[in-house]
$ cat start12.tsv   # TSV, C-alpha atoms
chain	number	residue	atom	x	y	z
A	1	MET	CA	-6.90	-25.98	28.11
A	2	MET	CA	-7.44	-22.24	27.72
A	3	ASP	CA	-4.10	-21.89	25.94
A	4	THR	CA	-4.96	-24.67	23.48
A	5	TRP	CA	-8.35	-23.13	22.65
A	6	SER	CA	-6.89	-19.64	22.39
A	7	LYS	CA	-4.06	-20.75	20.10
A	8	ARG	CA	-6.56	-22.18	17.65
A	9	ILE	CA	-9.09	-19.38	17.67
A	10	LEU	CA	-6.43	-16.68	17.38
A	11	LEU	CA	-4.99	-18.44	14.34
A	12	PHE	CA	-8.45	-18.35	12.72
A	13	VAL	CA	-8.90	-14.69	13.62
A	14	THR	CA	-5.49	-13.99	12.09
A	15	VAL	CA	-6.59	-15.57	8.82
A	16	PHE	CA	-9.74	-13.39	8.69
A	17	PHE	CA	-7.81	-10.29	9.77
A	18	TRP	CA	-5.32	-10.46	6.92
A	19	PHE	CA	-7.95	-11.65	4.46
A	20	SER	CA	-9.88	-8.42	5.02
A	21	MET	CA	-6.86	-6.29	4.04
A	22	TYR	CA	-5.45	-8.30	1.14
A	23	THR	CA	-8.36	-9.26	-1.15
A	24	TYR	CA	-7.62	-6.22	-3.28
A	25	VAL	CA	-3.81	-6.22	-3.23
A	26	PRO	CA	-3.34	-7.98	-6.63
A	27	THR	CA	-5.60	-5.47	-8.38
A	28	MET	CA	-5.06	-2.28	-6.36
A	29	ALA	CA	-2.27	-0.86	-8.55
A	30	PRO	CA	-4.12	-1.52	-11.83
A	31	TYR	CA	-7.35	-0.22	-10.25
A	32	ALA	CA	-5.59	2.95	-9.09
A	33	GLN	CA	-4.32	3.50	-12.63
A	34	THR	CA	-7.87	3.23	-14.01
A	35	LEU	CA	-8.75	6.06	-11.60
A	36	GLY	CA	-5.99	8.21	-13.10
A	37	ALA	CA	-3.13	7.54	-10.64
A	38	SER	CA	0.48	7.87	-11.87
A	39	TYR	CA	3.25	5.45	-10.84
A	40	GLN	CA	4.19	7.96	-8.15
A	41	MET	CA	0.62	8.11	-6.81
A	42	VAL	CA	0.43	4.31	-6.89
A	43	GLY	CA	3.60	4.26	-4.80
A	44	LEU	CA	2.06	6.67	-2.30
A	45	ILE	CA	-1.13	4.59	-2.04
A	46	ILE	CA	0.87	1.43	-1.40
A	47	GLY	CA	3.25	3.24	0.94
A	48	SER	CA	0.48	4.89	3.02
A	49	TYR	CA	-0.17	1.48	4.55
A	50	GLY	CA	3.36	1.33	5.94
A	51	PHE	CA	3.56	5.02	6.87
A	52	VAL	CA	0.59	4.82	9.24
A	53	GLN	CA	2.04	1.70	10.85
A	54	LEU	CA	5.31	3.53	11.33
A	55	VAL	CA	3.47	6.23	13.27
A	56	LEU	CA	1.09	4.05	15.30
A	57	ARG	CA	2.83	0.80	16.13
A	58	ILE	CA	4.96	2.06	18.99
A	59	PRO	CA	2.03	3.83	20.74
A	60	VAL	CA	-0.09	0.70	20.29
A	61	GLY	CA	2.61	-1.51	21.83
A	62	VAL	CA	3.32	0.87	24.72
A	63	PHE	CA	-0.35	1.29	25.66
A	64	SER	CA	-0.96	-2.43	25.27
A	65	ASP	CA	1.83	-3.19	27.74
A	66	ALA	CA	0.49	-0.52	30.10
A	67	TRP	CA	-3.12	-1.75	30.02
A	68	GLY	CA	-2.13	-5.39	30.23
A	69	SER	CA	-4.59	-6.35	27.48
A	70	ARG	CA	-3.92	-7.60	23.96
A	71	LYS	CA	-7.44	-8.76	23.11
A	72	LEU	CA	-8.84	-5.21	22.98
A	73	PHE	CA	-6.41	-4.32	20.21
A	74	VAL	CA	-7.06	-7.59	18.39
A	75	VAL	CA	-10.79	-6.80	18.20
A	76	VAL	CA	-10.32	-3.11	17.34
A	77	GLY	CA	-7.79	-4.02	14.65
A	78	ILE	CA	-10.12	-6.25	12.69
A	79	ILE	CA	-12.96	-3.71	13.00
A	80	VAL	CA	-10.76	-1.00	11.48
A	81	ALA	CA	-9.57	-3.40	8.76
A	82	SER	CA	-13.18	-4.03	7.72
A	83	LEU	CA	-13.97	-0.31	7.69
A	84	SER	CA	-10.98	0.45	5.49
A	85	SER	CA	-12.03	-2.13	2.89
A	86	PHE	CA	-15.59	-0.86	2.93
A	87	GLY	CA	-14.40	2.73	2.47
A	88	MET	CA	-12.36	1.84	-0.62
A	89	TRP	CA	-15.40	0.12	-2.12
A	90	LEU	CA	-17.75	2.98	-1.27
A	91	PHE	CA	-15.54	5.81	-2.61
A	92	PRO	CA	-13.89	4.87	-5.96
A	93	THR	CA	-11.27	7.63	-6.24
A	94	ALA	CA	-7.47	7.64	-6.04
A	95	GLY	CA	-7.65	9.98	-3.03
A	96	ALA	CA	-9.98	7.60	-1.20
A	97	LEU	CA	-7.61	4.70	-1.92
A	98	LEU	CA	-4.81	6.71	-0.33
A	99	LEU	CA	-6.91	7.54	2.74
A	100	PHE	CA	-8.46	4.14	3.36
A	101	ARG	CA	-5.33	2.12	2.57
A	102	GLY	CA	-3.72	4.29	5.23
A	103	LEU	CA	-6.57	3.26	7.55
A	104	ALA	CA	-5.69	-0.37	6.78
A	105	GLY	CA	-2.22	0.54	8.06
A	106	ALA	CA	-3.83	1.63	11.34
A	107	ALA	CA	-5.48	-1.78	11.54
A	108	ALA	CA	-2.22	-3.54	10.76
A	109	ALA	CA	-0.55	-1.63	13.62
A	110	THR	CA	-2.48	-3.91	15.99
A	111	TRP	CA	-0.57	-6.90	14.57
A	112	VAL	CA	1.78	-6.16	17.44
A	113	ASP	CA	-0.83	-7.51	19.83
A	114	TYR	CA	-1.69	-10.53	17.70
A	115	THR	CA	1.95	-11.58	17.79
A	116	VAL	CA	2.53	-10.91	21.48
A	117	LEU	CA	-0.75	-12.54	22.53
A	118	TYR	CA	0.03	-15.66	20.50
A	119	ALA	CA	3.60	-15.79	21.82
A	120	SER	CA	2.21	-15.67	25.37
A	121	TYR	CA	0.79	-19.17	24.87
A	122	PHE	CA	4.35	-20.54	24.43
A	123	PRO	CA	7.51	-20.65	26.58
A	124	SER	CA	9.86	-17.73	25.91
A	125	LYS	CA	12.47	-19.92	24.22
A	126	GLU	CA	9.85	-21.01	21.65
A	127	ALA	CA	9.10	-17.45	20.46
A	128	PRO	CA	10.57	-17.99	16.94
A	129	LYS	CA	8.55	-21.20	16.61
A	130	ALA	CA	5.35	-19.42	17.69
A	131	MET	CA	5.98	-16.61	15.21
A	132	GLY	CA	6.44	-19.19	12.47
A	133	PHE	CA	3.01	-20.68	13.12
A	134	LEU	CA	1.32	-17.28	13.39
A	135	ASN	CA	2.97	-15.98	10.23
A	136	ALA	CA	1.84	-19.12	8.43
A	137	ALA	CA	-1.74	-18.18	9.38
A	138	ASN	CA	-0.99	-14.62	8.27
A	139	ASN	CA	0.23	-15.83	4.88
A	140	LEU	CA	-2.66	-18.28	4.54
A	141	GLY	CA	-5.16	-15.46	5.03
A	142	GLN	CA	-3.36	-13.37	2.42
A	143	VAL	CA	-3.21	-16.24	-0.07
A	144	ILE	CA	-6.92	-17.04	0.18
A	145	ALA	CA	-7.72	-13.34	0.04
A	146	MET	CA	-5.69	-12.59	-3.06
A	147	LEU	CA	-6.89	-15.67	-4.95
A	148	SER	CA	-10.51	-14.85	-4.04
A	149	GLY	CA	-9.98	-11.17	-4.82
A	150	GLY	CA	-8.61	-11.94	-8.28
A	151	TYR	CA	-11.61	-14.17	-9.00
A	152	VAL	CA	-14.29	-11.69	-7.90
A	153	ALA	CA	-12.49	-8.83	-9.68
A	154	GLU	CA	-12.59	-10.85	-12.91
A	155	ARG	CA	-16.29	-11.63	-12.44
A	156	PHE	CA	-17.68	-8.48	-10.84
A	157	GLY	CA	-15.20	-5.67	-11.48
A	158	LEU	CA	-12.08	-4.19	-9.91
A	159	GLY	CA	-13.99	-2.65	-7.00
A	160	SER	CA	-15.56	-5.90	-5.79
A	161	PRO	CA	-12.56	-7.25	-3.81
A	162	PHE	CA	-12.92	-4.33	-1.38
A	163	LEU	CA	-16.48	-5.34	-0.52
A	164	LEU	CA	-15.44	-8.98	-0.14
A	165	GLY	CA	-12.71	-7.98	2.30
A	166	ALA	CA	-15.16	-5.94	4.37
A	167	MET	CA	-17.68	-8.78	4.61
A	168	VAL	CA	-15.12	-11.40	5.62
A	169	GLY	CA	-13.75	-8.95	8.17
A	170	VAL	CA	-17.15	-8.85	9.87
A	171	VAL	CA	-16.98	-12.63	10.35
A	172	GLY	CA	-13.54	-12.15	11.89
A	173	ILE	CA	-14.88	-9.50	14.27
A	174	ILE	CA	-17.44	-11.95	15.63
A	175	LEU	CA	-14.83	-14.68	16.01
A	176	SER	CA	-12.36	-12.35	17.73
A	177	LEU	CA	-14.75	-11.86	20.63
A	178	GLY	CA	-13.99	-15.45	21.65
A	179	VAL	CA	-10.24	-14.86	22.04
A	180	ARG	CA	-9.04	-15.37	25.62
A	181	GLU	CA	-6.04	-13.91	27.37
A	182	LYS	CA	-4.28	-13.83	30.70
A	183	ARG	CA	-4.51	-10.14	31.48
A	184	ALA	CA	-1.58	-8.49	33.18
A	185	VAL	CA	-2.02	-5.93	35.94
A	186	PRO	CA	-2.48	-2.46	34.35
A	187	LYS	CA	0.32	-0.01	35.04
A	188	PRO	CA	1.16	3.56	34.02
A	189	VAL	CA	2.65	4.15	30.59
A	190	SER	CA	6.42	4.00	31.08
A	191	ILE	CA	8.67	6.15	28.92
A	192	ILE	CA	11.58	4.55	30.77
A	193	THR	CA	10.56	1.12	29.48
A	194	LEU	CA	10.28	2.47	25.95
A	195	MET	CA	13.72	4.07	26.16
A	196	GLU	CA	15.23	0.82	27.50
A	197	VAL	CA	13.79	-1.04	24.52
A	198	LEU	CA	14.96	1.62	22.06
A	199	ARG	CA	18.50	1.36	23.45
A	200	ASP	CA	18.69	-2.35	22.62
A	201	SER	CA	21.22	-2.35	19.78
A	202	ASN	CA	20.39	-5.86	18.61
A	203	LEU	CA	16.72	-4.97	18.31
A	204	MET	CA	17.68	-1.98	16.15
A	205	LYS	CA	19.81	-4.21	13.92
A	206	LEU	CA	17.03	-6.78	13.58
A	207	SER	CA	14.68	-3.95	12.69
A	208	GLY	CA	17.10	-2.81	10.00
A	209	LEU	CA	16.90	-6.24	8.37
A	210	GLY	CA	13.12	-6.01	8.73
A	211	ILE	CA	13.18	-2.77	6.71
A	212	VAL	CA	15.07	-4.52	3.91
A	213	SER	CA	12.63	-7.44	3.88
A	214	GLN	CA	9.61	-5.14	3.69
A	215	VAL	CA	11.14	-2.93	0.98
A	216	VAL	CA	11.39	-5.89	-1.38
A	217	THR	CA	8.01	-7.36	-0.45
A	218	PHE	CA	6.06	-4.12	-0.83
A	219	VAL	CA	7.72	-3.14	-4.08
A	220	THR	CA	7.09	-6.55	-5.66
A	221	VAL	CA	4.24	-8.73	-4.37
A	222	PHE	CA	2.17	-5.99	-2.74
A	223	GLY	CA	3.21	-3.25	-5.14
A	224	PHE	CA	4.41	-3.14	-8.73
A	225	LEU	CA	4.61	-6.85	-9.63
A	226	PRO	CA	1.01	-6.84	-10.99
A	227	LEU	CA	1.95	-4.05	-13.41
A	228	ALA	CA	4.92	-6.09	-14.68
A	229	ALA	CA	2.60	-9.07	-15.10
A	230	GLN	CA	0.04	-7.00	-17.03
A	231	ALA	CA	2.81	-5.96	-19.42
A	232	LEU	CA	3.23	-9.69	-20.17
A	233	GLY	CA	-0.48	-10.05	-20.93
A	234	ALA	CA	-1.81	-11.18	-17.54
A	235	SER	CA	-5.57	-11.05	-16.99
A	236	ILE	CA	-7.14	-9.79	-13.77
A	237	PHE	CA	-7.53	-13.37	-12.54
A	238	ASP	CA	-3.92	-14.10	-13.51
A	239	LEU	CA	-2.85	-11.33	-11.12
A	240	GLY	CA	-4.61	-13.14	-8.27
A	241	LEU	CA	-2.97	-16.41	-9.27
A	242	LEU	CA	0.45	-14.75	-9.42
A	243	THR	CA	0.28	-13.29	-5.93
A	244	THR	CA	-1.13	-16.57	-4.68
A	245	ALA	CA	1.80	-18.43	-6.24
A	246	THR	CA	4.19	-16.16	-4.34
A	247	MET	CA	2.38	-16.59	-1.03
A	248	ILE	CA	1.69	-20.34	-0.90
A	249	PRO	CA	5.40	-21.27	-0.55
A	250	SER	CA	5.74	-18.66	2.20
A	251	ILE	CA	3.07	-20.41	4.28
A	252	PHE	CA	5.25	-23.50	4.52
A	253	SER	CA	8.56	-21.70	4.90
A	254	ALA	CA	7.13	-19.40	7.61
A	255	ALA	CA	5.86	-22.38	9.60
A	256	LEU	CA	9.24	-24.08	9.29
A	257	SER	CA	11.47	-21.03	9.69
A	258	GLY	CA	11.93	-21.25	13.46
A	259	ALA	CA	10.84	-24.86	13.94
A	260	PHE	CA	13.13	-26.42	11.32
A	261	PHE	CA	15.42	-24.19	9.25
A	262	SER	CA	17.00	-22.12	12.02
A	263	LYS	CA	17.49	-25.24	14.15
A	264	HIS	CA	19.15	-27.25	11.39
A	265	PHE	CA	21.00	-24.56	9.46
A	266	GLY	CA	21.33	-21.79	12.06
A	267	GLU	CA	19.60	-18.46	12.37
A	268	ARG	CA	22.25	-16.54	10.47
A	269	THR	CA	22.32	-18.89	7.49
A	270	THR	CA	18.52	-18.93	7.34
A	271	LEU	CA	18.37	-15.13	7.28
A	272	VAL	CA	21.15	-14.76	4.71
A	273	MET	CA	19.68	-17.26	2.29
A	274	GLY	CA	16.17	-15.88	2.76
A	275	LEU	CA	17.26	-12.30	2.05
A	276	LEU	CA	19.53	-13.34	-0.83
A	277	PHE	CA	16.86	-15.23	-2.76
A	278	THR	CA	14.28	-12.56	-1.96
A	279	ALA	CA	16.56	-9.97	-3.57
A	280	LEU	CA	17.34	-12.14	-6.59
A	281	SER	CA	13.65	-12.80	-7.22
A	282	CYS	CA	13.20	-9.03	-7.52
A	283	ILE	CA	16.24	-8.39	-9.71
A	284	VAL	CA	15.22	-10.97	-12.33
A	285	ILE	CA	11.71	-9.56	-12.93
A	286	PRO	CA	12.67	-7.23	-15.83
A	287	PHE	CA	14.54	-10.10	-17.55
A	288	ILE	CA	11.49	-12.40	-17.58
A	289	HIS	CA	9.36	-12.46	-20.73
A	290	SER	CA	6.69	-15.02	-19.89
A	291	LEU	CA	4.06	-15.38	-17.20
A	292	SER	CA	5.25	-18.88	-16.36
A	293	GLY	CA	8.74	-17.55	-15.70
A	294	LEU	CA	7.29	-14.85	-13.47
A	295	TYR	CA	5.30	-17.46	-11.53
A	296	ILE	CA	8.40	-19.59	-10.91
A	297	SER	CA	10.67	-16.72	-9.89
A	298	GLN	CA	8.14	-15.28	-7.47
A	299	ALA	CA	7.36	-18.67	-5.95
A	300	VAL	CA	11.06	-18.97	-5.11
A	301	GLY	CA	11.02	-15.43	-3.74
A	302	GLY	CA	7.91	-16.19	-1.69
A	303	PHE	CA	9.55	-19.19	-0.06
A	304	ALA	CA	12.59	-17.06	0.76
A	305	ARG	CA	10.47	-14.24	2.26
A	306	GLY	CA	8.67	-16.72	4.48
A	307	LEU	CA	11.97	-17.68	6.10
A	308	VAL	CA	12.96	-14.14	7.05
A	309	LEU	CA	10.21	-12.23	8.81
A	310	PRO	CA	9.05	-14.88	11.34
A	311	LEU	CA	12.63	-15.42	12.44
A	312	LEU	CA	13.25	-11.68	12.81
A	313	MET	CA	10.00	-11.29	14.78
A	314	GLY	CA	10.83	-14.12	17.14
A	315	LEU	CA	14.35	-12.81	17.74
A	316	SER	CA	13.04	-9.28	18.35
A	317	ILE	CA	11.13	-10.32	21.49
A	318	LYS	CA	13.16	-13.35	22.56
A	319	SER	CA	15.39	-11.43	24.95
A	320	PHE	CA	12.64	-9.36	26.60
A	321	ALA	CA	10.49	-10.25	29.61
A	322	GLY	CA	6.71	-10.42	29.12
A	323	ASP	CA	5.88	-6.87	30.25
A	324	LYS	CA	8.19	-5.42	27.60
A	325	ARG	CA	7.32	-7.67	24.70
A	326	SER	CA	4.54	-5.56	23.15
A	327	THR	CA	6.80	-2.52	23.31
A	328	ALA	CA	9.72	-4.42	21.75
A	329	MET	CA	7.53	-5.91	19.02
A	330	SER	CA	5.93	-2.54	18.32
A	331	VAL	CA	9.34	-0.91	17.95
A	332	PHE	CA	10.46	-3.66	15.58
A	333	GLN	CA	7.30	-3.45	13.49
A	334	ALA	CA	7.24	0.35	13.50
A	335	ILE	CA	10.80	0.52	12.21
A	336	TYR	CA	10.23	-2.04	9.48
A	337	GLY	CA	7.25	0.10	8.47
A	338	LEU	CA	9.90	2.39	6.96
A	339	GLY	CA	10.43	-0.30	4.34
A	340	MET	CA	6.73	-0.70	3.69
A	341	PHE	CA	6.43	3.04	3.11
A	342	GLY	CA	9.79	4.06	1.69
A	343	GLY	CA	10.20	1.10	-0.67
A	344	PRO	CA	7.05	1.69	-2.76
A	345	VAL	CA	7.51	5.48	-2.74
A	346	LEU	CA	11.13	5.17	-3.94
A	347	ALA	CA	10.17	2.57	-6.56
A	348	GLY	CA	7.29	4.77	-7.72
A	349	ILE	CA	9.60	7.76	-8.20
A	350	LEU	CA	12.23	5.67	-10.00
A	351	SER	CA	9.60	4.02	-12.20
A	352	ASN	CA	8.02	7.38	-13.04
A	353	THR	CA	11.41	8.93	-13.86
A	354	PHE	CA	13.10	5.98	-15.58
A	355	SER	CA	11.24	2.66	-15.85
A	356	LEU	CA	9.75	-0.17	-13.81
A	357	ALA	CA	12.94	-2.14	-14.42
A	358	ILE	CA	15.06	0.46	-12.60
A	359	GLY	CA	12.65	0.33	-9.66
A	360	PHE	CA	13.00	-3.45	-9.40
A	361	TRP	CA	16.80	-3.40	-9.77
A	362	VAL	CA	17.37	-0.76	-7.11
A	363	THR	CA	15.03	-2.65	-4.78
A	364	GLY	CA	16.92	-5.89	-5.41
A	365	LEU	CA	20.21	-4.15	-4.66
A	366	ILE	CA	18.81	-3.09	-1.27
A	367	GLY	CA	17.92	-6.73	-0.64
A	368	LEU	CA	21.45	-7.86	-1.47
A	369	MET	CA	22.85	-5.32	0.98
A	370	GLY	CA	20.56	-6.75	3.66
A	371	ALA	CA	21.81	-10.27	2.97
A	372	GLY	CA	25.36	-9.00	3.33
A	373	LEU	CA	24.59	-7.41	6.71
A	374	ALA	CA	22.90	-10.57	7.98
A	375	GLY	CA	25.95	-12.59	7.02
A	376	TRP	CA	28.40	-10.24	8.73
A	377	LYS	CA	29.14	-11.68	12.17
A	378	GLY	CA	30.07	-8.26	13.50
A	379	TYR	CA	26.57	-6.96	12.75
A	380	LEU	CA	24.41	-9.24	14.86
A	381	PRO	CA	24.85	-12.05	17.42
A	382	PHE	CA	22.03	-14.58	17.60
A	383	GLU	CA	22.18	-16.14	21.03
A	384	ARG	CA	20.83	-13.88	23.80
A	385	SER	CA	19.45	-14.58	27.25
A	386	VAL	CA	16.07	-13.32	28.42
A	387	ARG	CA	16.29	-9.88	29.98
A	388	GLN	CA	14.28	-9.53	33.16
A	389	SER	CA	12.38	-6.43	34.26

$ encode --input "start12.tsv" --output "structure tokens"
Amino acid sequence: MMDTWSKRILLFVTVFFWFSMYTYVPTMAPYAQTLGASYQMVGLIIGSYGFVQLVLRIPVGVFSDAWGSRKLFVVVGIIVASLSSFGMWLFPTAGALLLFRGLAGAAAATWVDYTVLYASYFPSKEAPKAMGFLNAANNLGQVIAMLSGGYVAERFGLGSPFLLGAMVGVVGIILSLGVREKRAVPKPVSIITLMEVLRDSNLMKLSGLGIVSQVVTFVTVFGFLPLAAQALGASIFDLGLLTTATMIPSIFSAALSGAFFSKHFGERTTLVMGLLFTALSCIVIPFIHSLSGLYISQAVGGFARGLVLPLLMGLSIKSFAGDKRSTAMSVFQAIYGLGMFGGPVLAGILSNTFSLAIGFWVTGLIGLMGAGLAGWKGYLPFERSVRQS
């Protein structure tokens, strides 16, 4: 009974958690430009979110495993998410956006514990299925946030989505206090455990594909796509609709990634097709000359993205026993943070030096390389047994 209740409440907390950090994503790049930010500065603001996760996710996972508690990090994470949104509303400068979006990255580092706590309510073999459900809640929170953020930005100004995110985050904080967990026995922080996880070659390869997935996502949907849409005449509300159109298909594909697609078509095929269409949806952006075409291409890309990350997350912890799962997940998420940081920074430099089109094309090429790696049988096996402590 506790597991059933906890599954439901944690899904709701997940929705509020991601809502608090994504209300302003459709308008952040245009807003930063109104504050005087260049393409390169926009890239740094977007990338700061991933950079902080890169630094913090492994420590968060290691200490979570050591303390035997995930709930503490769940609650702290949504508190920090709310504070970051409030800070961006309170201090309307490009420097503050850089600082407080980085703080949102600190909040997102606790996603490690959301995923491991939710997976603990399922048998080990159902980890990909559990990650599909949780990522569907993740995507749902982002969709509602970005649609709401676009609406309030149109009505009340570009700074208003930050305040909305902070207020909704407070509701999530209250709800998170009701999350229940089966606490493990605390134990000393183990560098040996961390090194064992880091030596897992398959985890490193999965993390490499995670980098590719995040590069494309954070250059397009959470990065420079709104600027491409504005060049086609999109209004502020249109930007919210565009990001919503990319996220809604990912809700369904994320929920079905482990429960349907990988079972019927295989894990490798699911990853290859997901990465391939994600890359193509990025490459075609400069060739599109209408908002409707942009909506369609990014809806296809959103569906493809939803297939990839839940499957990678589930596979990253599938072979590890419970007391190593936070560490394994934190390593996976820390490494894919390279894509969240490096992708926008690289695209910002390329866009500043050449054009937005070059930024999108180079990003798409990286996605195609990832699809090629996923399809290469020598790169990654997909069936592994659970490794005991």

$ closest_residue --input "start12.tsv" --among "A:Thr327, A:Asn138, A:Gln298, A:Thr353" --to "A:Val13" --atoms "all atoms listed in the file"
A:Asn138

$ residues_near_point --input "start12.tsv" --point "(3.1, 1.4, 1.8)" --cutoff "7 Å" --atoms "only C-alpha atoms" --output "ChimeraX atom specification"
/A:44-51,218,340-341,344

$ write_last_selection --input "start12.tsv" --atoms "C-alpha atoms" --output "PDB file, keeping the file's coordinate frame"
ATOM      1  CA  LEU A  44       2.060   6.670  -2.300  1.00  0.00           C
ATOM      2  CA  ILE A  45      -1.130   4.590  -2.040  1.00  0.00           C
ATOM      3  CA  ILE A  46       0.870   1.430  -1.400  1.00  0.00           C
ATOM      4  CA  GLY A  47       3.250   3.240   0.940  1.00  0.00           C
ATOM      5  CA  SER A  48       0.480   4.890   3.020  1.00  0.00           C
ATOM      6  CA  TYR A  49      -0.170   1.480   4.550  1.00  0.00           C
ATOM      7  CA  GLY A  50       3.360   1.330   5.940  1.00  0.00           C
ATOM      8  CA  PHE A  51       3.560   5.020   6.870  1.00  0.00           C
ATOM      9  CA  PHE A 218       6.060  -4.120  -0.830  1.00  0.00           C
ATOM     10  CA  MET A 340       6.730  -0.700   3.690  1.00  0.00           C
ATOM     11  CA  PHE A 341       6.430   3.040   3.110  1.00  0.00           C
ATOM     12  CA  PRO A 344       7.050   1.690  -2.760  1.00  0.00           C
TER      13      PRO A 344
END

$ residues_around --input "start12.tsv" --residues "stretch 221-228 of chain A" --least-positions-apart "5" --cutoff "8 Å" --atoms "only C-alpha atoms" --output "list in words"
Val25, Pro26, Thr27, Ala29, Pro30, Gly43, Ile46, Leu239, Thr243, Thr246, Ile285, Pro286, Pro344 and Leu356 of chain A

$ closest_atom_pairs --input "start12.tsv" --of "stretch 147-181 of chain A" --to "stretch 101-119 of chain A" --cutoff "10 Å" --atoms "all atoms listed in the file" --output "Markdown table"
| residue | atom | partner | partner_atom | distance |
| --- | --- | --- | --- | --- |
| A:Val179 | CA | A:Leu117 | CA | 9.8 |
| A:Arg180 | CA | A:Leu117 | CA | 9.3 |
| A:Glu181 | CA | A:Leu117 | CA | 7.3 |

$ write_last_selection --input "start12.tsv" --atoms "C-alpha atoms" --output "PDB file, in the coordinates of the input"
ATOM      1  CA  VAL A 179     -10.240 -14.860  22.040  1.00  0.00           C
ATOM      2  CA  ARG A 180      -9.040 -15.370  25.620  1.00  0.00           C
ATOM      3  CA  GLU A 181      -6.040 -13.910  27.370  1.00  0.00           C
TER       4      GLU A 181
END

$ atom_distance --input "start12.tsv" --atom1 "atom CA of A:Gly342" --atom2 "atom CA of A:Leu365"
14.7 Å

$ atom_distance --input "start12.tsv" --atom1 "atom CA of A:Ala255" --atom2 "atom CA of A:Asn139"
9.8 Å

$ atom_distance --input "start12.tsv" --atom1 "atom CA of A:Val212" --atom2 "atom CA of A:Ala130"
22.5 Å

$ residues_around --input "start12.tsv" --residues "stretch 346-349 of chain A" --least-positions-apart "5" --cutoff "8 Å" --atoms "all atoms listed in the file" --output "ChimeraX atom specification"
/A:39-44,219,356,359-360,362-363

$ closest_residue --input "start12.tsv" --among "A:Gln53, A:Ser262, A:Ser257, A:Ser330" --to "A:Phe133" --atoms "only C-alpha atoms"
A:Ser257

$ residues_around --input "start12.tsv" --residues "A:Ser250" --least-positions-apart "2" --cutoff "8 Å" --atoms "all atoms listed in the file" --output "JSON, numbers by chain"
{"A": [136, 139, 246, 247, 248, 252, 253, 254, 302, 303, 304, 305, 306, 307]}

$ closest_residue --input "start12.tsv" --among "A:Leu232, A:Ala145, A:Val197, A:Leu11" --to "A:Ser326" --atoms "only C-alpha atoms"
A:Val197

$ closest_residue --input "start12.tsv" --among "A:Ile288, A:Ala32, A:Val15, A:Leu241" --to "A:Val168" --atoms "all atoms listed in the file"
A:Val15

$ residues_around --input "start12.tsv" --residues "A:Leu311" --least-positions-apart "5" --cutoff "12 Å" --atoms "only C-alpha atoms" --output "number ranges by chain"
A: 126-135, 206-207, 209-210, 213, 253-263, 266-272, 274-275, 304-306, 316-318, 382

$ closest_residue --input "start12.tsv" --among "A:Trp376, A:Phe122, A:Phe12, A:Phe354" --to "A:Ser176" --atoms "only C-alpha atoms"
A:Phe12

$ closest_atom_pairs --input "start12.tsv" --of "stretch 141-245 of chain A" --to "stretch 70-75 of chain A" --cutoff "12 Å" --atoms "all atoms listed in the file" --output "Markdown table"
| residue | atom | partner | partner_atom | distance |
| --- | --- | --- | --- | --- |
| A:Gly169 | CA | A:Val75 | CA | 10.7 |
| A:Val170 | CA | A:Val75 | CA | 10.7 |
| A:Val171 | CA | A:Val75 | CA | 11.6 |
| A:Gly172 | CA | A:Val75 | CA | 8.7 |
| A:Ile173 | CA | A:Val75 | CA | 6.3 |
| A:Ile174 | CA | A:Val75 | CA | 8.8 |
| A:Leu175 | CA | A:Val75 | CA | 9.1 |
| A:Ser176 | CA | A:Val75 | CA | 5.8 |
| A:Leu177 | CA | A:Val75 | CA | 6.9 |
| A:Gly178 | CA | A:Lys71 | CA | 9.5 |
| A:Val179 | CA | A:Lys71 | CA | 6.8 |
| A:Arg180 | CA | A:Lys71 | CA | 7.2 |
| A:Glu181 | CA | A:Lys71 | CA | 6.8 |
| A:Lys182 | CA | A:Arg70 | CA | 9.2 |
| A:Arg183 | CA | A:Arg70 | CA | 8.0 |
| A:Ala184 | CA | A:Arg70 | CA | 9.6 |
| A:Pro186 | CA | A:Arg70 | CA | 11.7 |

$ decode --input "start12.tsv" --residues "stretch 26-32 of chain A" --atoms "N, CA and C atoms" --output "compact mmCIF listing (two decimals), in the first residue's frame"
# COMPACT_ATOMS: atom_id res chain seq x y z
N PRO A 26 10.72 28.76 -22.70
CA PRO A 26 10.43 29.26 -24.06
C PRO A 26 10.85 30.71 -24.27
N THR A 27 10.89 31.50 -23.21
CA THR A 27 11.14 32.94 -23.35
C THR A 27 12.49 33.38 -22.78
N MET A 28 13.27 32.44 -22.24
CA MET A 28 14.51 32.83 -21.57
C MET A 28 15.52 33.42 -22.55
N ALA A 29 15.70 32.79 -23.72
CA ALA A 29 16.66 33.31 -24.69
C ALA A 29 16.24 34.69 -25.20
N PRO A 30 14.97 34.87 -25.63
CA PRO A 30 14.56 36.22 -26.03
C PRO A 30 14.67 37.23 -24.88
N TYR A 31 14.32 36.82 -23.67
CA TYR A 31 14.41 37.71 -22.51
C TYR A 31 15.85 38.11 -22.25
N ALA A 32 16.76 37.14 -22.35
CA ALA A 32 18.18 37.44 -22.15
C ALA A 32 18.67 38.45 -23.18
